[in-house]
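Structure below is model.cif: mmCIF, C-alpha atoms and all ligand atoms.
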data_run
#
loop_
_atom_site.label_atom_id
_atom_site.label_comp_id
_atom_site.auth_asym_id
_atom_site.auth_seq_id
_atom_site.Cartn_x
_atom_site.Cartn_y
_atom_site.Cartn_z
CA MET E 5 -17.06 8.22 -0.11
CA ILE E 6 -19.49 9.08 -2.91
CA PRO E 7 -19.78 6.38 -5.65
CA GLU E 8 -18.14 8.67 -8.23
CA GLU E 9 -15.03 9.07 -6.04
CA LYS E 10 -14.95 5.34 -5.37
CA ASN E 11 -14.96 4.58 -9.10
CA LYS E 12 -12.26 7.19 -9.73
CA THR E 13 -10.02 5.55 -7.10
CA LEU E 14 -10.55 2.09 -8.58
CA ASP E 15 -10.03 3.30 -12.18
CA SER E 16 -6.77 4.87 -11.15
CA TRP E 17 -5.63 1.58 -9.54
CA GLN E 18 -6.66 -0.31 -12.67
CA THR E 19 -4.27 1.90 -14.68
CA SER E 20 -1.62 1.55 -11.97
CA ALA E 21 -1.78 -2.27 -12.09
CA ARG E 22 0.38 -2.55 -15.21
CA TYR E 23 3.08 -0.30 -13.72
CA TRP E 24 3.05 -2.04 -10.32
CA ASP E 25 3.47 -5.28 -12.29
CA LYS E 26 6.28 -3.77 -14.39
CA TYR E 27 8.18 -2.76 -11.23
CA ARG E 28 7.22 -5.80 -9.12
CA VAL E 29 10.80 -6.91 -8.41
CA LEU E 30 11.79 -3.45 -7.21
CA ILE E 31 8.57 -3.00 -5.21
CA GLU E 32 9.05 -6.31 -3.44
CA GLN E 33 12.60 -5.30 -2.53
CA MET E 34 11.87 -1.67 -1.59
CA PHE E 35 8.88 -2.38 0.65
CA ALA E 36 10.05 -5.73 2.11
CA PRO E 37 10.49 -4.23 5.63
CA LEU E 38 6.74 -3.47 5.66
CA THR E 39 5.94 -7.11 4.95
CA SER E 40 8.33 -8.25 7.69
CA GLY E 41 6.67 -5.82 10.10
CA LEU E 42 3.21 -7.17 9.29
CA VAL E 43 4.34 -10.78 9.59
CA GLU E 44 5.80 -10.00 13.00
CA GLU E 45 2.86 -7.98 14.34
CA ALA E 46 0.21 -10.43 13.09
CA ARG E 47 2.25 -13.40 14.42
CA ILE E 48 2.25 -15.13 11.03
CA GLY E 49 4.05 -18.48 10.98
CA ILE E 50 3.84 -21.99 9.56
CA GLY E 51 0.31 -23.32 9.15
CA ARG E 52 -1.51 -19.98 9.52
CA LYS E 53 -4.59 -19.11 7.42
CA VAL E 54 -4.02 -15.52 6.32
CA LEU E 55 -6.25 -12.99 4.59
CA ASP E 56 -4.49 -10.23 2.59
CA ILE E 57 -6.71 -7.18 2.01
CA GLY E 58 -5.79 -4.98 -0.98
CA GLY E 59 -2.93 -7.21 -2.15
CA GLY E 60 -2.16 -5.20 -5.31
CA THR E 61 0.22 -7.08 -7.61
CA GLY E 62 0.79 -9.69 -4.90
CA GLU E 63 2.45 -8.39 -1.76
CA PRO E 64 2.43 -9.34 1.01
CA SER E 65 0.47 -12.46 -0.15
CA LEU E 66 3.30 -14.00 -2.18
CA THR E 67 5.88 -13.65 0.60
CA ILE E 68 3.43 -14.90 3.24
CA SER E 69 2.56 -17.91 1.09
CA SER E 70 6.07 -19.27 1.57
CA ILE E 71 6.12 -18.39 5.29
CA VAL E 72 2.90 -20.30 6.11
CA GLY E 73 3.99 -23.24 3.93
CA PRO E 74 1.89 -26.15 2.65
CA THR E 75 -0.06 -26.52 5.90
CA GLY E 76 -1.13 -22.87 5.82
CA SER E 77 -2.89 -20.77 3.22
CA VAL E 78 -3.28 -17.24 1.95
CA ILE E 79 -6.37 -15.69 0.47
CA TYR E 80 -5.42 -12.64 -1.58
CA THR E 81 -8.10 -9.99 -2.17
CA ASP E 82 -8.24 -6.73 -4.13
CA PRO E 83 -11.20 -4.93 -5.78
CA VAL E 84 -9.26 -4.12 -8.98
CA ALA E 85 -9.32 -6.74 -11.77
CA GLY E 86 -5.91 -5.76 -13.18
CA MET E 87 -4.29 -6.21 -9.77
CA VAL E 88 -5.89 -9.63 -9.21
CA GLU E 89 -4.79 -10.81 -12.67
CA ALA E 90 -1.20 -9.63 -12.15
CA ALA E 91 -0.94 -11.23 -8.69
CA GLN E 92 -2.48 -14.50 -9.85
CA ALA E 93 -0.16 -14.70 -12.87
CA GLU E 94 2.88 -14.24 -10.62
CA ALA E 95 1.70 -16.93 -8.17
CA GLY E 96 1.33 -19.23 -11.19
CA ARG E 97 4.86 -18.44 -12.40
CA ARG E 98 6.15 -19.26 -8.92
CA GLY E 99 4.13 -22.49 -8.78
CA LEU E 100 2.48 -21.54 -5.48
CA THR E 101 -0.40 -23.81 -4.52
CA ASN E 102 -1.44 -22.53 -1.07
CA ILE E 103 -2.69 -19.15 -2.32
CA HIS E 104 -6.14 -18.29 -3.67
CA PHE E 105 -7.56 -15.12 -5.20
CA ARG E 106 -10.81 -13.19 -4.80
CA GLN E 107 -11.73 -9.86 -6.36
CA CYS E 108 -13.53 -7.92 -3.63
CA SER E 109 -13.50 -4.70 -1.63
CA ALA E 110 -12.37 -4.52 2.00
CA ASP E 111 -15.75 -3.27 3.19
CA ASP E 112 -17.64 -6.30 1.86
CA LEU E 113 -15.59 -9.46 2.31
CA PRO E 114 -17.19 -12.57 0.77
CA PHE E 115 -16.07 -14.91 3.58
CA ALA E 116 -17.83 -16.59 6.47
CA ASP E 117 -17.19 -15.46 10.05
CA ARG E 118 -13.95 -16.81 11.59
CA THR E 119 -12.53 -18.17 8.29
CA PHE E 120 -8.95 -16.95 8.95
CA ASP E 121 -6.39 -16.78 11.73
CA VAL E 122 -5.26 -13.25 10.84
CA ALA E 123 -5.89 -10.46 8.32
CA VAL E 124 -3.28 -8.03 6.98
CA GLY E 125 -3.17 -5.11 4.56
CA ARG E 126 0.00 -3.50 3.21
CA LEU E 127 -0.43 0.11 2.03
CA SER E 128 -4.11 -0.50 1.25
CA ALA E 129 -6.07 0.75 4.30
CA MET E 130 -5.66 4.39 3.21
CA PHE E 131 -7.74 3.62 0.10
CA PHE E 132 -10.62 1.80 1.85
CA VAL E 133 -14.03 3.29 1.02
CA ASP E 134 -15.24 3.08 4.62
CA PRO E 135 -12.33 2.20 6.92
CA VAL E 136 -14.45 1.42 10.04
CA THR E 137 -16.64 -1.01 8.08
CA ALA E 138 -13.54 -2.54 6.48
CA VAL E 139 -11.85 -3.16 9.85
CA ARG E 140 -15.13 -4.61 11.24
CA GLU E 141 -15.19 -6.93 8.24
CA ALA E 142 -11.58 -7.98 8.82
CA LEU E 143 -12.37 -8.71 12.49
CA ARG E 144 -15.51 -10.63 11.54
CA VAL E 145 -13.66 -13.06 9.26
CA ILE E 146 -10.83 -13.88 11.68
CA ARG E 147 -10.98 -16.24 14.63
CA LYS E 148 -11.30 -15.12 18.25
CA ASP E 149 -7.97 -13.79 19.51
CA GLY E 150 -6.72 -13.46 15.91
CA TYR E 151 -4.86 -10.33 14.77
CA VAL E 152 -5.54 -7.67 12.18
CA SER E 153 -2.52 -5.58 11.06
CA PHE E 154 -2.27 -2.72 8.59
CA ALA E 155 0.84 -0.99 7.29
CA VAL E 156 0.40 2.66 6.23
CA TRP E 157 2.78 5.51 5.45
CA GLY E 158 3.84 7.93 8.19
CA PRO E 159 4.05 11.71 7.52
CA LYS E 160 4.94 12.95 4.06
CA GLU E 161 7.89 14.96 5.47
CA ALA E 162 9.42 11.72 6.78
CA ASN E 163 8.99 10.05 3.37
CA PRO E 164 11.12 11.87 0.77
CA PHE E 165 10.63 8.94 -1.65
CA PHE E 166 7.23 10.55 -2.21
CA SER E 167 7.67 14.17 -1.20
CA THR E 168 10.72 15.04 -3.34
CA VAL E 169 8.66 14.60 -6.50
CA ALA E 170 5.27 15.78 -5.18
CA ASP E 171 6.58 18.97 -3.54
CA VAL E 172 8.32 20.14 -6.73
CA ILE E 173 5.31 19.42 -8.97
CA ASP E 174 2.98 21.20 -6.53
CA ARG E 175 5.04 24.39 -6.94
CA PHE E 176 4.03 24.43 -10.62
CA LEU E 177 0.32 23.66 -10.22
CA GLU E 178 -2.77 25.01 -8.47
CA VAL E 179 -3.41 22.34 -5.86
CA PRO E 180 -6.80 22.67 -4.10
CA PRO E 181 -6.84 21.99 -0.33
CA GLN E 182 -7.22 18.28 0.27
CA ASP E 183 -9.85 16.54 2.39
CA PRO E 184 -7.75 14.73 5.04
CA ASP E 185 -10.17 11.77 4.87
CA ALA E 186 -10.01 11.31 1.10
CA PRO E 187 -8.18 8.22 -0.21
CA ASP E 188 -4.51 9.13 -0.32
CA ALA E 189 -1.15 7.56 0.57
CA PHE E 190 -0.94 9.83 3.65
CA ARG E 191 -4.55 9.55 4.86
CA PHE E 192 -3.44 7.69 8.02
CA ALA E 193 -0.07 9.39 8.51
CA VAL E 194 -1.23 11.15 11.69
CA PRO E 195 -0.32 8.94 14.66
CA GLY E 196 -3.43 7.51 16.33
CA LYS E 197 -5.78 8.07 13.38
CA LEU E 198 -5.98 4.49 12.09
CA ALA E 199 -5.59 3.15 15.66
CA GLY E 200 -8.76 5.13 16.53
CA ILE E 201 -10.55 3.48 13.62
CA LEU E 202 -9.52 0.00 14.84
CA GLU E 203 -10.85 0.88 18.30
CA LYS E 204 -14.09 2.20 16.83
CA ALA E 205 -14.43 -1.09 14.95
CA ASP E 206 -14.08 -2.87 18.31
CA ALA E 207 -10.54 -4.25 17.97
CA LYS E 208 -8.86 -4.94 21.33
CA ASN E 209 -5.25 -4.30 22.43
CA VAL E 210 -4.68 -1.84 19.60
CA ILE E 211 -0.99 -1.11 19.11
CA GLU E 212 0.70 1.36 16.78
CA ARG E 213 4.31 0.72 15.90
CA GLN E 214 6.48 3.21 14.05
CA LEU E 215 8.73 1.57 11.49
CA ASN E 216 11.75 3.48 10.16
CA PHE E 217 13.64 1.94 7.30
CA GLN E 218 15.44 2.75 4.03
CA ILE E 219 13.73 2.37 0.67
CA LYS E 220 16.70 0.94 -1.19
CA ALA E 221 17.36 -0.28 -4.73
CA ALA E 222 20.25 -0.29 -7.17
CA ILE E 223 18.63 2.21 -9.55
CA SER E 224 19.58 5.58 -11.00
CA PHE E 225 17.65 8.85 -10.63
CA GLU E 226 16.40 8.35 -14.19
CA GLN E 227 14.89 4.96 -13.27
CA PHE E 228 13.45 6.39 -10.02
CA TRP E 229 11.81 9.24 -11.96
CA GLN E 230 10.22 6.84 -14.40
CA LEU E 231 9.07 4.47 -11.66
CA ARG E 232 7.49 7.22 -9.54
CA THR E 233 5.76 9.04 -12.39
CA GLU E 234 4.31 5.78 -13.74
CA MET E 235 3.31 4.04 -10.50
CA SER E 236 1.42 6.87 -8.82
CA GLY E 237 -2.06 7.80 -10.07
CA THR E 238 -1.79 11.19 -8.37
CA LEU E 239 1.51 11.97 -10.10
CA ARG E 240 0.26 10.74 -13.46
CA GLU E 241 -2.69 13.09 -13.17
CA LYS E 242 -0.56 16.06 -12.08
CA MET E 243 2.08 15.44 -14.77
CA ALA E 244 -0.67 15.52 -17.39
CA ARG E 245 -1.62 19.03 -16.17
CA LEU E 246 1.91 20.43 -16.69
CA ALA E 247 2.70 22.32 -19.89
CA PRO E 248 5.20 20.45 -22.13
CA ASP E 249 7.89 23.10 -21.55
CA GLN E 250 7.49 22.74 -17.76
CA LEU E 251 8.32 19.02 -17.78
CA PRO E 252 12.13 19.26 -18.17
CA ILE E 253 12.23 22.08 -15.57
CA VAL E 254 10.26 20.00 -13.06
CA LYS E 255 12.40 16.94 -13.71
CA GLN E 256 15.61 18.91 -13.19
CA ALA E 257 14.28 20.44 -9.96
CA VAL E 258 13.37 16.96 -8.67
CA ALA E 259 16.82 15.65 -9.70
CA ASP E 260 18.43 18.46 -7.66
CA ALA E 261 16.21 17.78 -4.64
CA ALA E 262 16.79 14.02 -4.83
CA ARG E 263 20.57 14.07 -5.49
CA ARG E 264 21.57 13.24 -1.91
CA PHE E 265 19.50 10.02 -2.02
CA PHE E 266 21.52 8.62 -4.94
CA VAL E 267 25.05 7.59 -4.10
CA SER E 268 27.35 5.23 -6.07
CA GLY E 269 24.56 3.92 -8.30
CA THR E 270 22.23 3.14 -5.42
CA MET E 271 19.05 4.81 -4.31
CA SER E 272 18.40 5.02 -0.58
CA PHE E 273 15.56 7.09 0.90
CA PRO E 274 14.72 7.16 4.60
CA ALA E 275 11.12 6.08 5.14
CA GLU E 276 8.61 6.03 7.96
CA ALA E 277 5.58 3.77 8.20
CA LEU E 278 3.09 2.89 10.90
CA ILE E 279 1.92 -0.64 11.60
CA ILE E 280 -1.38 -0.66 13.42
CA SER E 281 -2.58 -3.94 14.88
CA GLY E 282 -5.40 -5.16 17.06
CA LYS E 283 -6.98 -8.36 18.27
CA LYS E 284 -10.45 -9.75 17.85
CA SER E 285 -12.28 -9.73 21.12
CA PRO E 286 -12.23 -13.18 22.78
CA ALA E 287 -15.91 -12.73 23.67
C1 LIG E 301 -0.59 1.06 -2.71
S1 LIG E 301 -1.40 -0.35 -3.36
C2 LIG E 301 -0.71 -1.58 -2.31
C3 LIG E 301 -0.73 -2.92 -2.94
C4 LIG E 301 0.02 -4.01 -2.21
N1 LIG E 301 -0.61 -4.38 -0.97
C5 LIG E 301 1.47 -3.64 -1.97
O1 LIG E 301 1.81 -3.28 -0.83
O2 LIG E 301 2.28 -3.73 -2.92
C6 LIG E 301 -3.05 -0.17 -2.75
C7 LIG E 301 -4.00 -1.29 -3.11
O3 LIG E 301 -5.24 -1.07 -2.42
C8 LIG E 301 -6.27 -1.51 -3.27
N2 LIG E 301 -7.56 -0.94 -2.87
C9 LIG E 301 -8.15 0.21 -3.29
N3 LIG E 301 -9.38 0.32 -2.77
C10 LIG E 301 -9.58 -0.76 -1.98
C11 LIG E 301 -10.67 -1.25 -1.21
N4 LIG E 301 -11.80 -0.57 -1.11
N5 LIG E 301 -10.53 -2.44 -0.58
C12 LIG E 301 -9.38 -3.14 -0.68
N6 LIG E 301 -8.32 -2.73 -1.39
C13 LIG E 301 -8.41 -1.57 -2.05
C14 LIG E 301 -5.81 -1.05 -4.65
O4 LIG E 301 -6.49 -1.72 -5.70
C15 LIG E 301 -4.32 -1.37 -4.60
O5 LIG E 301 -4.06 -2.64 -5.09
#
As a first step, turn the structure in this file into structure tokens.
Amino acid sequence: MIPEEKNKTLDSWQTSARYWDKYRVLIEQMFAPLTSGLVEEARIGIGRKVLDIGGGTGEPSLTISSIVGPTGSVIYTDPVAGMVEAAQAEAGRRGLTNIHFRQCSADDLPFADRTFDVAVGRLSAMFFVDPVTAVREALRVIRKDGYVSFAVWGPKEANPFFSTVADVIDRFLEVPPQDPDAPDAFRFAVPGKLAGILEKADAKNVIERQLNFQIKAAISFEQFWQLRTEMSGTLREKMARLAPDQLPIVKQAVADAARRFFVSGTMSFPAEALIISGKKSPA
């Protein structure tokens, strides 16, 4: 990734930090199955030393902190200052003492070899500058036989939580063809793509698990619309390109497309993620 693109990605996450913080309760609830999947695949339990890569406003670090307990520890990392501040403030509010924070990028981890038992990343690998280097770094800092696990989104078509809004907006805008390797929520949606990167980085026993779940929350369409258009940098940028008179038309078209996912005051979207895990070579 050229430096300009890298800075653009990080600037966008810096703006996103305040919205991810605003919706932290909903995010924790909506994406909890991803955290459970990572905990399971990386064999995280009491006493484990865990590295979280790209922890955003605090997940999965905060959940894992209570799973590993006082004999374990979590080191949260993220390259974006606003994310680190938001996550650290929340850990403080919760009085967590086994969690520590470092602002850094996945491809240059400031830790000694074999510092951790396992490393995880929830919805962050698709934004890594150089994914092979990042996975090599994750493997370097875990112990022999330790696990690395990354949760990423599956195909856009299987994730209407994202596509119902994006598909409508794209009908109103000129959208240039996208580089499939550019940072994007669906960069690793193709089965085998991130698994291939783990193998290239020399991870052993690489396994890809498909996780189907419901993104659920007791919110209205109006709240969903606000949450989506604030949280996503891509949507914020596209919304800004719409003419003012197009906005209500787009919103109504999204409301029509999303109607079936809102029943009796509850939102429920089917979702598909992939959890890709591997082990550090015992050699
Ligand atoms: C979709 S958010 C996920 C945050 C959190 N893990 C969660 O699941 O709620 C993606 C995160 O990846 C981080 N990120 C972007 N570039 C990164 C990089 N090069 N290394 C590590 N994390 C990165 C962003 O700052 C952001 O916090």
Please return as an NGL selection string the residues found within 8 Å of ligand LIG 301 (chain E), counting only C-alpha atoms and all ligand atoms. :E and (10 or 13-14 or 17-18 or 21 or 24 or 31-32 or 35 or 56-64 or 81-84 or 87 or 108-111 or 125-134 or 138 or 189)
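If you look at atom CA of Val258 of chain E and atom CA of Asn163 of chain E, they are 14.6 Å away from each other.
Here atom CA of Ile173 of chain E stands at a distance of 21.4 Å from atom CA of Lys12 of chain E.
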Distance of atom CA of Lys242 of chain E from atom CA of Ala257 of chain E, expressed in Å to one decimal place: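 Straight-line distance from atom CA of Ala257 of chain E to atom CA of Lys242 of chain E works out to 15.6 Å.
All polymer residues at most 7 Å from (-2.8, -10.8, 12.7), using all atoms listed in the file, appear as Glu45, Ala46, Arg47, Ile48, Val122, Ala123, Val124, Gly150, Tyr151, Val152 and Ser153 of chain E.
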So that I can see what lies close to Leu202 of chain E, please list as an mmCIF file with C-alpha atoms, in the frame of the given file the residues with an atom at most 10 Å from it, counting all atoms listed in the file and leaving out residues fewer than 6 positions away in the same chain.
data_model
loop_
_atom_site.group_PDB
_atom_site.id
_atom_site.type_symbol
_atom_site.label_atom_id
_atom_site.label_comp_id
_atom_site.auth_asym_id
_atom_site.auth_seq_id
_atom_site.Cartn_x
_atom_site.Cartn_y
_atom_site.Cartn_z
ATOM 1 C CA PRO E 135 -12.330 2.200 6.920
ATOM 2 C CA VAL E 136 -14.450 1.420 10.040
ATOM 3 C CA THR E 137 -16.640 -1.010 8.080
ATOM 4 C CA ALA E 138 -13.540 -2.540 6.480
ATOM 5 C CA VAL E 139 -11.850 -3.160 9.850
ATOM 6 C CA ARG E 140 -15.130 -4.610 11.240
ATOM 7 C CA LEU E 143 -12.370 -8.710 12.490
ATOM 8 C CA VAL E 152 -5.540 -7.670 12.180
ATOM 9 C CA SER E 153 -2.520 -5.580 11.060
ATOM 10 C CA PHE E 154 -2.270 -2.720 8.590
ATOM 11 C CA GLY E 196 -3.430 7.510 16.330
ATOM 12 C CA LYS E 208 -8.860 -4.940 21.330
ATOM 13 C CA ASN E 209 -5.250 -4.300 22.430
ATOM 14 C CA VAL E 210 -4.680 -1.840 19.600
ATOM 15 C CA ILE E 211 -0.990 -1.110 19.110
ATOM 16 C CA ILE E 280 -1.380 -0.660 13.420
ATOM 17 C CA SER E 281 -2.580 -3.940 14.880
ATOM 18 C CA GLY E 282 -5.400 -5.160 17.060
ATOM 19 C CA LYS E 283 -6.980 -8.360 18.270
#
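The environment of Leu278 of chain E within 8 Å, counting all atoms listed in the file and disregarding residues fewer than 2 places along the same chain, consists of Ala155, Val156, Trp157, Gly158, Ala193, Pro195, Glu212, Arg213, Gln214, Leu215, Glu276 and Ile280 of chain E.
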Restrict the selected residues to C-alpha atoms and save them as a PDB file, in the frame of the given file.
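Contents of selection_13.pdb, freshly written:
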ATOM      1  CA  ALA E 155       0.840  -0.990   7.290  1.00  0.00           C
ATOM      2  CA  VAL E 156       0.400   2.660   6.230  1.00  0.00           C
ATOM      3  CA  TRP E 157       2.780   5.510   5.450  1.00  0.00           C
ATOM      4  CA  GLY E 158       3.840   7.930   8.190  1.00  0.00           C
ATOM      5  CA  ALA E 193      -0.070   9.390   8.510  1.00  0.00           C
ATOM      6  CA  PRO E 195      -0.320   8.940  14.660  1.00  0.00           C
ATOM      7  CA  GLU E 212       0.700   1.360  16.780  1.00  0.00           C
ATOM      8  CA  ARG E 213       4.310   0.720  15.900  1.00  0.00           C
ATOM      9  CA  GLN E 214       6.480   3.210  14.050  1.00  0.00           C
ATOM     10  CA  LEU E 215       8.730   1.570  11.490  1.00  0.00           C
ATOM     11  CA  GLU E 276       8.610   6.030   7.960  1.00  0.00           C
ATOM     12  CA  ILE E 280      -1.380  -0.660  13.420  1.00  0.00           C
TER      13      ILE E 280
END
Residue with smallest distance to Ala116 of chain E - pool E:Arg97, E:Arg147, E:His104, E:Lys204, counting all atoms listed in the file: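 Checking each candidate against Ala116 of chain E, we get E:Arg147 as the closest.
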Select all residues near (-3.3, 9.5, -10.1) (cut-off 9 Å, inclusive, file coordinates), counting only C-alpha atoms, and output them as a compact mmCIF listing (two decimals) with C-alpha atoms, keeping the file's coordinate frame.
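Once written, result.txt looks like this:
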# COMPACT_ATOMS: atom_id res chain seq x y z
CA THR E 13 -10.02 5.55 -7.10
CA SER E 16 -6.77 4.87 -11.15
CA TRP E 17 -5.63 1.58 -9.54
CA THR E 19 -4.27 1.90 -14.68
CA SER E 20 -1.62 1.55 -11.97
CA MET E 235 3.31 4.04 -10.50
CA SER E 236 1.42 6.87 -8.82
CA GLY E 237 -2.06 7.80 -10.07
CA THR E 238 -1.79 11.19 -8.37
CA LEU E 239 1.51 11.97 -10.10
CA ARG E 240 0.26 10.74 -13.46
CA GLU E 241 -2.69 13.09 -13.17
CA LYS E 242 -0.56 16.06 -12.08
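Shell of Phe120 of chain E at 7 Å, with all atoms listed in the file counted and residues fewer than 4 places along the chain excluded, is E:Lys53, E:Val54, E:Leu55, E:Val145, E:Ile146, E:Arg147.
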Taking all atoms listed in the file into account, name the residue in E:Glu44, E:Glu9, E:Glu178, E:Glu89 that is nearest to Leu246 of chain E.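 Looking only at the distances to Leu246 of chain E, the closest residue turns out to be E:Glu178.
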Edge lengths and centre in Å to one decimal, as JSON, of the axis-aligned box that encloses all listed atoms of segment 224-240 of chain E with 3 Å added on every side?
{"center_x": 8.8, "center_y": 8.0, "center_z": -11.4, "size_x": 27.6, "size_y": 13.9, "size_z": 12.0}
Measuring between all atoms listed in the file, which one of E:Ala259, E:Ile103, E:Ile223, E:Leu251 shows the shortest distance to Tyr80 of chain E?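 Among E:Ala259, E:Ile103, E:Ile223, E:Leu251, it is E:Ile103 that comes nearest to Tyr80 of chain E.
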Measuring atom to atom with only C-alpha atoms, identify which of E:Leu177, E:Met243, E:Val43, E:Leu38 is nearest to Ile68 of chain E.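 The closest residue to Ile68 of chain E is E:Val43.
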Give one line per residue of segment 114-207 of chain E that approaches segment 267-275 of chain E to at most 8 Å, naming the two atoms of the closest pair and their distance in Å to one decimal, counting only C-alpha atoms; sort by chain then ascending residue number and deliver it as CSV.
residue,atom,partner,partner_atom,distance
E:Ala162,CA,E:Ala275,CA,6.1
E:Asn163,CA,E:Ala275,CA,4.8
E:Pro164,CA,E:Phe273,CA,6.5
E:Phe165,CA,E:Phe273,CA,5.9
Let me make sure I understand: among E:Pro248, E:Pro286, E:Pro159, E:Pro187, which one has the smallest atom-to-atom distance to Ala207 of chain E if we use only C-alpha atoms?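 Closest to Ala207 of chain E of all the choices is E:Pro286.
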Surrounding residues of Gly73 of chain E excluding itself and chain neighbours under 4 positions, 9 Å, all atoms listed in the file, as a PyMOL selection string: chain E and resi 49-52+68-69+77+102
Dump C-alpha atoms for the selected residues as a short mmCIF file (atom, residue, chain, number, x, y, z; two decimals), in the frame of the given file?
data_model
loop_
_atom_site.label_atom_id
_atom_site.label_comp_id
_atom_site.auth_asym_id
_atom_site.auth_seq_id
_atom_site.Cartn_x
_atom_site.Cartn_y
_atom_site.Cartn_z
CA GLY E 49 4.05 -18.48 10.98
CA ILE E 50 3.84 -21.99 9.56
CA GLY E 51 0.31 -23.32 9.15
CA ARG E 52 -1.51 -19.98 9.52
CA ILE E 68 3.43 -14.90 3.24
CA SER E 69 2.56 -17.91 1.09
CA SER E 77 -2.89 -20.77 3.22
CA ASN E 102 -1.44 -22.53 -1.07
#
